[in-house]
>>> print(open('target_6.txt').read())   # compact mmCIF, C-alpha atoms
# COMPACT_ATOMS: atom_id res chain seq x y z
CA MET K 1 -28.72 126.96 204.53
CA ARG K 2 -31.46 129.60 204.71
CA VAL K 3 -33.14 128.37 201.52
CA ARG K 4 -33.24 124.80 202.82
CA SER K 5 -34.76 126.01 206.11
CA LEU K 6 -37.39 128.08 204.27
CA VAL K 7 -38.33 125.14 202.04
CA LEU K 8 -38.61 122.85 205.08
CA ALA K 9 -40.76 125.42 206.91
CA ALA K 10 -43.03 125.79 203.85
CA LEU K 11 -43.47 122.00 203.55
CA VAL K 12 -44.29 121.64 207.26
CA THR K 13 -46.79 124.51 207.04
CA CYS K 14 -48.51 122.95 204.00
CA GLY K 15 -48.63 119.58 205.75
CA VAL K 16 -50.19 121.07 208.88
CA ALA K 17 -52.68 123.05 206.75
CA ALA K 18 -53.70 119.90 204.85
CA ARG K 19 -54.15 117.93 208.09
CA VAL K 20 -56.09 120.69 209.82
CA SER K 21 -58.34 121.33 206.80
CA ALA K 22 -59.88 117.87 207.25
CA GLN K 23 -61.30 118.85 210.65
CA ASP K 24 -64.35 120.94 211.68
CA TRP K 25 -62.52 123.64 213.61
CA ALA K 26 -63.27 126.39 211.06
CA THR K 27 -66.26 127.31 208.92
CA ALA K 28 -66.89 129.82 206.13
CA GLU K 29 -70.66 129.81 206.68
CA GLY K 30 -71.73 133.46 206.85
CA SER K 31 -68.18 134.72 206.28
CA CYS K 32 -66.53 136.79 203.55
CA PHE K 33 -63.45 134.49 203.64
CA ALA K 34 -63.67 130.88 202.40
CA LYS K 35 -61.48 127.97 201.35
CA GLY K 36 -60.41 128.11 197.70
CA GLN K 37 -60.84 131.83 197.19
CA MET K 38 -58.10 133.86 195.54
CA GLN K 39 -57.61 137.56 195.91
CA ALA K 40 -55.35 140.18 194.40
CA SER K 41 -54.63 143.55 196.00
CA LEU K 42 -52.95 146.83 195.20
CA THR K 43 -51.70 148.67 198.29
CA ILE K 44 -49.69 151.76 199.10
CA SER K 45 -47.15 151.55 201.92
CA ALA K 46 -46.33 154.47 204.18
CA TYR K 47 -42.66 155.03 204.90
CA PRO K 48 -41.14 153.81 202.79
CA PHE K 49 -43.72 155.18 200.42
CA GLY K 50 -44.59 153.01 197.45
CA PRO K 51 -46.98 150.61 195.74
CA ASN K 52 -47.28 146.86 196.42
CA LEU K 53 -49.03 144.16 194.42
CA GLY K 54 -50.18 141.11 196.38
CA PHE K 55 -51.89 137.75 195.90
CA ASP K 56 -53.46 135.35 198.44
CA TYR K 57 -55.03 131.91 198.29
CA ALA K 58 -57.26 130.38 201.02
CA PHE K 59 -55.97 126.86 201.77
CA THR K 60 -58.67 126.31 204.41
CA ASP K 61 -61.53 128.37 205.85
CA ALA K 62 -59.05 129.91 208.31
CA ILE K 63 -55.55 129.67 206.73
CA SER K 64 -54.29 131.53 203.69
CA GLY K 65 -50.96 132.07 202.01
CA GLY K 66 -49.53 134.29 199.35
CA GLY K 67 -47.12 137.10 198.89
CA PHE K 68 -46.42 140.52 197.51
CA PHE K 69 -43.78 142.53 195.74
CA GLY K 70 -43.43 146.24 195.52
CA TYR K 71 -41.37 149.38 195.60
CA GLY K 72 -40.53 151.70 198.48
CA TYR K 73 -38.82 155.08 198.62
CA SER K 74 -37.73 156.99 201.73
CA ILE K 75 -35.34 159.72 202.85
CA LEU K 76 -33.51 159.64 206.17
CA TYR K 77 -31.02 162.37 207.01
CA ASP K 78 -28.81 162.75 203.92
CA TRP K 79 -29.72 159.41 202.35
CA GLU K 80 -32.33 158.23 199.85
CA TYR K 81 -33.37 154.59 200.14
CA TYR K 82 -34.99 152.49 197.46
CA ARG K 83 -36.47 149.11 198.43
CA PHE K 84 -37.96 146.33 196.35
CA PRO K 85 -39.51 143.77 198.72
CA LEU K 86 -40.31 140.25 197.56
CA VAL K 87 -42.28 138.45 200.28
CA ILE K 88 -44.21 135.25 200.97
CA HIS K 89 -46.59 135.00 203.91
CA GLY K 90 -49.09 132.82 205.69
CA ALA K 91 -52.09 134.13 207.63
CA PHE K 92 -54.62 132.90 210.17
CA HIS K 93 -58.22 134.23 210.00
CA PRO K 94 -59.71 133.83 213.52
CA PHE K 95 -63.23 135.09 212.65
CA ASN K 96 -63.82 131.75 210.88
CA LEU K 97 -63.28 129.61 213.95
CA THR K 98 -66.38 127.48 214.51
CA VAL K 99 -66.68 128.70 218.11
CA LEU K 100 -66.96 132.33 216.87
CA LYS K 101 -69.43 131.64 214.04
CA ASP K 102 -72.45 133.11 215.86
CA LYS K 103 -70.59 135.67 217.95
CA ILE K 104 -69.24 138.07 215.29
CA ALA K 105 -72.14 139.64 213.40
CA ILE K 106 -69.99 141.56 210.92
CA ARG K 107 -67.91 138.62 209.67
CA ASP K 108 -69.79 138.70 206.35
CA LYS K 109 -68.07 142.07 205.66
CA LEU K 110 -64.93 142.09 207.84
CA ASP K 111 -61.99 139.67 207.73
CA ALA K 112 -59.31 140.15 210.38
CA TYR K 113 -56.08 138.19 210.14
CA GLY K 114 -52.53 137.88 211.37
CA GLY K 115 -49.53 135.92 210.24
CA ILE K 116 -45.87 135.60 209.45
CA GLU K 117 -44.02 136.92 206.42
CA VAL K 118 -40.62 135.95 205.08
CA GLY K 119 -38.77 137.64 202.27
CA TRP K 120 -35.97 139.72 200.94
CA ALA K 121 -35.93 143.48 200.52
CA PHE K 122 -33.59 144.31 197.66
CA GLY K 123 -32.23 147.76 198.24
CA LYS K 124 -30.13 150.67 197.12
CA ALA K 125 -29.01 153.74 199.01
CA HIS K 126 -28.04 157.06 197.50
CA TYR K 127 -26.22 159.80 199.42
CA ILE K 128 -27.69 163.29 198.79
CA GLY K 129 -25.74 165.24 201.40
CA PRO K 130 -22.96 167.80 201.10
CA TYR K 131 -20.04 165.33 201.10
CA SER K 132 -19.61 164.01 197.58
CA TYR K 133 -16.93 161.44 198.49
CA ILE K 134 -19.29 159.14 200.45
CA ASN K 135 -20.08 155.93 198.59
CA ALA K 136 -23.59 154.55 198.88
CA PRO K 137 -23.96 150.87 199.78
CA ASP K 138 -26.13 148.55 197.72
CA GLY K 139 -27.71 145.37 198.94
CA GLY K 140 -30.73 144.17 200.75
CA ALA K 141 -31.95 142.47 203.86
CA PHE K 142 -33.59 139.19 204.82
CA VAL K 143 -36.73 139.81 206.84
CA ILE K 144 -38.95 137.51 208.87
CA ASP K 145 -41.69 139.18 210.89
CA GLY K 146 -45.30 139.05 212.00
CA PHE K 147 -48.14 141.19 210.67
CA LEU K 148 -51.77 142.07 211.43
CA GLY K 149 -54.43 143.16 208.98
CA ALA K 150 -58.09 143.49 208.12
CA SER K 151 -60.16 143.58 204.95
CA TYR K 152 -63.58 145.21 204.66
CA TYR K 153 -65.77 143.98 201.78
CA PHE K 154 -67.96 146.60 200.08
CA THR K 155 -69.34 143.93 197.72
CA PRO K 156 -68.76 140.17 197.66
CA GLN K 157 -65.74 140.77 195.37
CA PHE K 158 -64.31 144.24 196.15
CA TYR K 159 -62.65 145.15 199.43
CA ALA K 160 -60.39 147.67 201.13
CA ASN K 161 -57.62 146.48 203.41
CA ALA K 162 -55.02 147.72 205.87
CA GLU K 163 -52.00 145.87 207.27
CA THR K 164 -49.08 146.48 209.53
CA GLN K 165 -45.87 146.03 207.60
CA PRO K 166 -43.16 145.65 210.23
CA GLY K 167 -40.35 144.27 208.07
CA TYR K 168 -40.78 146.73 205.21
CA GLY K 169 -42.33 149.89 206.63
CA TRP K 170 -45.01 151.10 208.99
CA PHE K 171 -48.28 150.07 207.36
CA LYS K 172 -50.02 149.72 204.02
CA VAL K 173 -53.57 150.38 202.81
CA GLY K 174 -55.25 149.51 199.55
CA ILE K 175 -57.99 147.85 197.56
CA GLY K 176 -58.47 144.32 196.31
CA TYR K 177 -60.56 141.93 194.28
CA LYS K 178 -61.66 138.41 195.27
CA PHE K 179 -62.19 135.78 192.59
>>> encode(input="target_6.txt", output="structure tokens")
Amino acid sequence: MRVRSLVLAALVTCGVAARVSAQDWATAEGSCFAKGQMQASLTISAYPFGPNLGFDYAFTDAISGGGFFGYGYSILYDWEYYRFPLVIHGAFHPFNLTVLKDKIAIRDKLDAYGGIEVGWAFGKAHYIGPYSYINAPDGGAFVIDGFLGASYYFTPQFYANAETQPGYGWFKVGIGYKF
């Protein structure tokens, strides 16, 4: 049931993005974010600590989609937790709205965005406390959540970014490349 709902939501989102892309509500003129660009990023998440590898594609001048996978490690009380998130997401880039084109001077270097992510965090727990008879549960969790982020471009291709990561940790920071 969940898979069918996710597929339906993805199809509706792509349909809306295709319809909206034919209109003049967004522009990449003078912006560091533009339709058709692809970017890859390597980030480090904070609690759980670990690396993430991500990819994004700009469907329009203001809508992108992609995902990431990674690894996270944390300790809470007498437990170690290992997480392997696999996530897809869609993002909205408001700096590219036509009405804001002349009002944000730094949009050639800064790209702010927000969106929704859906995924699964595969997981494993390991008990490290004094009671050896406690069994550690394995499993994972389905996560759907919103996120906020920003990328700052040092050159037209290289950037640094930071994002909230509500479903999988506190936040993540890293570097990326646009091609």
>>> residues_around(input="target_6.txt", residues="Pro156 of chain K", least_positions_apart="5", cutoff="12 Å", atoms="only C-alpha atoms", output="list in words")
Gly30, Ser31, Cys32, Phe33, Ala34, Gln37, Gln39, Asp108, Lys109, Leu110, Ser151, Gly176, Tyr177, Lys178 and Phe179 of chain K
>>> closest_residue(input="target_6.txt", among="K:Pro94, K:Pro85, K:Gly54, K:Gly67", to="Ile116 of chain K", atoms="only C-alpha atoms")
K:Gly67
>>> closest_residue(input="target_6.txt", among="K:Asn96, K:Ile75, K:Phe154, K:Thr164", to="Glu117 of chain K", atoms="only C-alpha atoms")
K:Thr164
>>> closest_residue(input="target_6.txt", among="K:Asp78, K:Glu163, K:Asp102, K:Asp111", to="Ala62 of chain K", atoms="only C-alpha atoms")
K:Asp111
>>> closest_residue(input="target_6.txt", among="K:Leu100, K:Gly72, K:Pro130, K:Pro166", to="Gly115 of chain K", atoms="all atoms listed in the file")
K:Pro166
>>> closest_residue(input="target_6.txt", among="K:Gly36, K:Pro48, K:Gly149, K:Gly139", to="Val173 of chain K", atoms="only C-alpha atoms")
K:Gly149
>>> atom_distance(input="target_6.txt", atom1="atom CA of Val118 of chain K", atom2="atom CA of Phe142 of chain K")
7.7 Å
>>> atom_distance(input="target_6.txt", atom1="atom CA of Tyr47 of chain K", atom2="atom CA of Tyr127 of chain K")
18.0 Å
>>> closest_residue(input="target_6.txt", among="K:Phe59, K:Tyr168, K:Asn161, K:Ala141", to="Ser41 of chain K", atoms="all atoms listed in the file")
K:Asn161
>>> atom_distance(input="target_6.txt", atom1="atom CA of Tyr57 of chain K", atom2="atom CA of Met38 of chain K")
4.6 Å
>>> residues_around(input="target_6.txt", residues="Thr98 of chain K", least_positions_apart="5", cutoff="12 Å", atoms="only C-alpha atoms", output="VMD selection string")
chain K and resid 23 to 31 61 to 62 93 103 to 104
>>> residues_near_point(input="target_6.txt", point="(-46.7, 150.8, 201.0)", cutoff="8 Å", atoms="all atoms listed in the file", output="PyMOL selection string")
chain K and resi 43-52+70-72+169+171-173
>>> residues_around(input="target_6.txt", residues="Leu42 of chain K", least_positions_apart="3", cutoff="6 Å", atoms="only C-alpha atoms", output="PyMOL selection string")
chain K and resi 52-53+174-175
>>> residues_around(input="target_6.txt", residues="Trp79 of chain K", least_positions_apart="3", cutoff="8 Å", atoms="all atoms listed in the file", output="list in words")
Ile75, Leu76, Ala125, His126, Tyr127, Ile128 and Gly129 of chain K
>>> decode(input="target_6.txt", residues="segment 105-120 of chain K", atoms="all heavy atoms", output="compact mmCIF listing (two decimals), in the first residue's frame")
# COMPACT_ATOMS: atom_id res chain seq x y z
N ALA K 105 19.98 40.32 -4.21
CA ALA K 105 21.23 40.61 -4.92
C ALA K 105 22.20 39.44 -4.90
O ALA K 105 23.00 39.29 -5.82
CB ALA K 105 21.89 41.85 -4.31
N ILE K 106 22.13 38.59 -3.90
CA ILE K 106 23.12 37.53 -3.75
C ILE K 106 22.68 36.20 -4.37
O ILE K 106 23.32 35.18 -4.22
CB ILE K 106 23.46 37.33 -2.26
CG1 ILE K 106 24.73 36.52 -2.10
CG2 ILE K 106 22.29 36.73 -1.51
CD1 ILE K 106 25.29 36.50 -0.71
N ARG K 107 21.60 36.20 -5.15
CA ARG K 107 21.10 34.93 -5.69
C ARG K 107 22.01 34.31 -6.75
O ARG K 107 21.81 33.17 -7.13
CB ARG K 107 19.67 35.06 -6.19
CG ARG K 107 19.46 35.94 -7.34
CD ARG K 107 17.97 36.12 -7.64
NE ARG K 107 17.80 36.21 -9.06
CZ ARG K 107 17.17 35.32 -9.79
NH1 ARG K 107 16.57 34.31 -9.24
NH2 ARG K 107 17.10 35.46 -11.09
N ASP K 108 23.04 35.03 -7.18
CA ASP K 108 24.03 34.43 -8.07
C ASP K 108 25.01 33.54 -7.31
O ASP K 108 25.74 32.75 -7.89
CB ASP K 108 24.78 35.49 -8.86
CG ASP K 108 25.59 36.42 -7.96
OD1 ASP K 108 25.19 36.64 -6.81
OD2 ASP K 108 26.63 36.92 -8.43
N LYS K 109 25.04 33.65 -5.97
CA LYS K 109 25.93 32.85 -5.11
C LYS K 109 25.18 31.98 -4.11
O LYS K 109 25.70 30.96 -3.67
CB LYS K 109 26.86 33.78 -4.31
CG LYS K 109 27.76 34.61 -5.14
CD LYS K 109 29.03 33.89 -5.38
CE LYS K 109 30.01 34.81 -6.06
NZ LYS K 109 30.99 34.08 -6.81
N LEU K 110 23.97 32.37 -3.72
CA LEU K 110 23.23 31.68 -2.67
C LEU K 110 21.94 31.09 -3.21
O LEU K 110 21.17 31.77 -3.88
CB LEU K 110 22.92 32.65 -1.52
CG LEU K 110 22.22 32.05 -0.31
CD1 LEU K 110 23.14 31.07 0.41
CD2 LEU K 110 21.80 33.16 0.64
N ASP K 111 21.70 29.83 -2.90
CA ASP K 111 20.47 29.13 -3.28
C ASP K 111 19.84 28.58 -2.01
O ASP K 111 20.38 27.66 -1.39
CB ASP K 111 20.79 28.01 -4.26
CG ASP K 111 19.56 27.19 -4.61
OD1 ASP K 111 18.46 27.75 -4.65
OD2 ASP K 111 19.71 25.97 -4.85
N ALA K 112 18.72 29.14 -1.60
CA ALA K 112 17.98 28.64 -0.44
C ALA K 112 16.85 27.75 -0.95
O ALA K 112 16.29 28.00 -2.01
CB ALA K 112 17.42 29.79 0.38
N TYR K 113 16.51 26.73 -0.20
CA TYR K 113 15.47 25.81 -0.64
C TYR K 113 14.83 25.10 0.55
O TYR K 113 15.36 25.09 1.65
CB TYR K 113 16.05 24.77 -1.62
CG TYR K 113 17.28 24.06 -1.12
CD1 TYR K 113 17.19 22.90 -0.37
CD2 TYR K 113 18.54 24.58 -1.39
CE1 TYR K 113 18.33 22.26 0.09
CE2 TYR K 113 19.68 23.95 -0.93
CZ TYR K 113 19.56 22.79 -0.20
OH TYR K 113 20.70 22.17 0.27
N GLY K 114 13.70 24.52 0.28
CA GLY K 114 12.99 23.72 1.27
C GLY K 114 12.19 22.67 0.54
O GLY K 114 11.86 22.83 -0.64
N GLY K 115 11.88 21.58 1.22
CA GLY K 115 11.14 20.53 0.54
C GLY K 115 10.70 19.41 1.44
O GLY K 115 10.70 19.54 2.67
N ILE K 116 10.35 18.32 0.80
CA ILE K 116 9.87 17.13 1.50
C ILE K 116 10.74 15.95 1.10
O ILE K 116 11.10 15.80 -0.07
CB ILE K 116 8.40 16.85 1.14
CG1 ILE K 116 7.53 17.98 1.63
CG2 ILE K 116 7.93 15.52 1.72
CD1 ILE K 116 6.07 17.85 1.27
N GLU K 117 11.07 15.11 2.09
CA GLU K 117 11.84 13.91 1.81
C GLU K 117 11.08 12.68 2.32
O GLU K 117 10.36 12.75 3.31
CB GLU K 117 13.23 13.98 2.43
CG GLU K 117 13.27 14.14 3.92
CD GLU K 117 14.69 14.38 4.44
OE1 GLU K 117 15.60 14.65 3.64
OE2 GLU K 117 14.88 14.29 5.65
N VAL K 118 11.25 11.61 1.57
CA VAL K 118 10.60 10.34 1.89
C VAL K 118 11.65 9.26 1.77
O VAL K 118 12.42 9.25 0.80
CB VAL K 118 9.45 10.04 0.91
CG1 VAL K 118 8.83 8.69 1.19
CG2 VAL K 118 8.40 11.13 0.96
N GLY K 119 11.69 8.35 2.71
CA GLY K 119 12.67 7.27 2.60
C GLY K 119 12.57 6.26 3.71
O GLY K 119 11.63 6.24 4.50
N TRP K 120 13.58 5.44 3.75
CA TRP K 120 13.67 4.38 4.73
C TRP K 120 15.05 4.44 5.36
O TRP K 120 16.05 4.54 4.66
CB TRP K 120 13.46 3.02 4.07
CG TRP K 120 13.38 1.90 5.05
CD1 TRP K 120 14.40 1.10 5.44
CD2 TRP K 120 12.23 1.48 5.77
NE1 TRP K 120 13.95 0.19 6.37
CE2 TRP K 120 12.62 0.40 6.58
CE3 TRP K 120 10.90 1.90 5.82
CZ2 TRP K 120 11.73 -0.26 7.43
CZ3 TRP K 120 10.03 1.24 6.65
CH2 TRP K 120 10.44 0.18 7.45
